[in-house]
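As structure tokens, the structure follows; a few thoughts come after it.
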Amino acid sequence: MTTRRTILAGGFAAMLPIPALAAEPASVERFPLWPGTPPGAPTGGVADQWVERSATGGADDIAWPHVGVPMLTVVRPARPNGAAVLICPGGGYARVAVGRTGGSIARDFASRGITAFEMLYRLPHDDWAAGPDVALQDAQRAMRLIRAGAGSRWTVDPTRVAATGFSAGGHVAARLASRAALSVYQPVDAADRLSARPDVAGLFFPVITMGDAGVHAQSRRELLGSHAADPAWQRRYSAELDLPADMPPTYVACNGDDPVVPMANSILMYQALHAAKVPASLVVYERGGHGPPAPHRDGSPVPWIDQFTAWAGDHGWPAALPPAASPKA
């Protein structure tokens, strides 16, 4: 059963507390992912629907239980450094917890010079033809659009595009990283000739497995529907299985006391990455529940985004790697 608690926790990434920002973004832009109707629309289409996430939240503290027009919200930094990041919010595949004006995480990335793209993606319960692959369609399309506009529409280097995901959005990002080459829709324009593979992935308190050990039951039920108990479907949509040789470097982080998505998801993902010899790191914080790590006892915040960007820097994101030093004679 979907409860208010699981809905709020599943989409918590949209409202994570972050330190005071160093700089306001230069601009925020919002546009649809697809020209016209997205692929595989059901008869009668899907009408966008949003709900308030909290009676005391701000005007943009909303979630979308039905998405007919998937969107990207671009938060442009005042001083772009060429890096970009796709942000996949959570919501347990029951809804997508994202506003229209750029959330705190997008603005934190923008304060660092990183152009941030928040994604409102479609949901399988709306009977799209792609079923459980409908969010992957949107994620692939988003990555291709980011690269299509690199250097012209926005100040982005197409070789420095990361993907991040939170809660069920972590499953979207993990499948994007591992299934970037999977053909899940017919090309619609020139952008679809570009790669959908992220250069680095960051998965935060992610939903990963569809198997019984560690599963987030709501995400499995919403994603797989009537096939939720089918072992073949569970395997197909478990993000830790069958990782490709070109899986991007991947950072995984969670809290040991998460009451919503079991820590086992993050451990399974790291073990699979390690076994596949993919550059990876796993961070398990002691406290924080289903969200960012809790502050230290003295009240100081844990710099979890700093830790991710520092690790990703070893793999060429957000800054380009320096040229290798020539060997001494």
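Lettering and numbering for the structure tokens are positional, with chains as A, B, ... in the shown order, residues counted from 1 in each chain, and ligands counted from 1 in the shown order.
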
Segment 164-255 of chain A: residues DSSP assigns to strand (DSSP E), reported as a list in words
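Those in segment 164-255 of chain A that DSSP calls strand (DSSP E) are Thr164, Gly165, Phe166, Val200, Ala201, Gly202, Leu203, Phe204, Thr250, Tyr251, Val252, Ala253, Cys254 and Asn255 of chain A.
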
Using DSSP on the backbone, list every residue of segment 70-242 of chain A that comes out as helix (DSSP H, G or I), and give them as a short mmCIF file (atom, residue, chain, number, x, y, z; two decimals) with C-alpha atoms, in the first residue's frame.
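The result, stored in part-v1.cif:
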data_model
loop_
_atom_site.label_atom_id
_atom_site.label_comp_id
_atom_site.auth_asym_id
_atom_site.auth_seq_id
_atom_site.Cartn_x
_atom_site.Cartn_y
_atom_site.Cartn_z
CA SER A 104 17.86 22.46 -4.04
CA ILE A 105 20.17 19.80 -5.50
CA ALA A 106 20.04 21.32 -8.99
CA ARG A 107 20.82 24.73 -7.52
CA ASP A 108 23.67 23.31 -5.47
CA PHE A 109 25.25 21.83 -8.60
CA ALA A 110 24.70 25.12 -10.45
CA SER A 111 26.46 27.00 -7.64
CA PRO A 124 4.63 2.72 -16.06
CA HIS A 125 1.20 2.69 -14.38
CA ASP A 126 -0.09 5.07 -17.08
CA GLY A 131 5.84 -0.42 -19.76
CA PRO A 132 8.72 -0.66 -17.27
CA ASP A 133 11.10 0.88 -19.84
CA VAL A 134 9.19 4.15 -20.15
CA ALA A 135 11.40 6.04 -17.67
CA LEU A 136 14.48 4.65 -19.44
CA GLN A 137 13.14 6.07 -22.71
CA ASP A 138 12.94 9.51 -21.10
CA ALA A 139 16.36 9.22 -19.46
CA GLN A 140 18.05 8.20 -22.73
CA ARG A 141 16.30 11.02 -24.56
CA ALA A 142 17.33 13.52 -21.88
CA MET A 143 21.01 12.57 -22.14
CA ARG A 144 20.88 12.89 -25.92
CA LEU A 145 19.21 16.30 -25.75
CA ILE A 146 21.84 17.54 -23.31
CA ARG A 147 24.58 16.52 -25.74
CA ALA A 148 22.66 17.88 -28.74
CA ALA A 168 13.58 5.22 -7.27
CA GLY A 169 15.36 7.81 -9.42
CA GLY A 170 18.52 5.92 -8.50
CA HIS A 171 17.06 2.92 -10.30
CA VAL A 172 16.33 5.11 -13.34
CA ALA A 173 19.92 6.44 -13.30
CA ALA A 174 21.42 2.98 -12.76
CA ARG A 175 19.49 1.54 -15.70
CA LEU A 176 20.48 4.54 -17.83
CA ALA A 177 24.14 3.91 -16.99
CA SER A 178 23.92 0.17 -17.70
CA ALA A 190 19.09 14.03 -35.06
CA ALA A 191 19.60 14.13 -31.28
CA ASP A 192 18.82 10.43 -31.11
CA ARG A 193 22.02 9.63 -33.01
CA ALA A 217 8.23 -3.50 -2.57
CA GLN A 218 6.43 -0.36 -3.70
CA SER A 219 8.91 0.32 -6.50
CA ARG A 220 8.73 -3.27 -7.72
CA ARG A 221 4.94 -3.26 -7.66
CA GLU A 222 4.68 0.06 -9.49
CA LEU A 223 7.39 -0.76 -12.02
CA LEU A 224 6.48 -4.34 -12.90
CA GLY A 225 2.73 -4.29 -12.26
CA SER A 226 1.17 -7.69 -12.90
CA HIS A 227 4.65 -9.16 -13.53
CA PRO A 231 11.39 -14.06 -11.61
CA ALA A 232 12.27 -13.35 -15.25
CA TRP A 233 10.90 -9.81 -15.02
CA GLN A 234 12.56 -9.29 -11.64
CA ARG A 235 15.90 -10.25 -13.16
CA ARG A 236 15.44 -8.12 -16.26
#

Identify which of the residues A:Ala78, A:Val200, A:Leu194, A:Ala63 lies closest to Ala319 of chain A, counting only C-alpha atoms when measuring atom-to-atom distances.
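Of the candidates, the smallest distance to Ala319 of chain A is held by A:Val200.
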
Can you tell me how far atom CA of Val302 of chain A sits from atom CA of Tyr285 of chain A, in Å to one decimal?
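Atom-to-atom, atom CA of Val302 of chain A to atom CA of Tyr285 of chain A, that is 9.5 Å.
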
Measuring atom to atom with only C-alpha atoms, identify which of A:Gly165, A:Pro293, A:Pro39, A:Gly202 is nearest to Thr309 of chain A.
A:Gly202
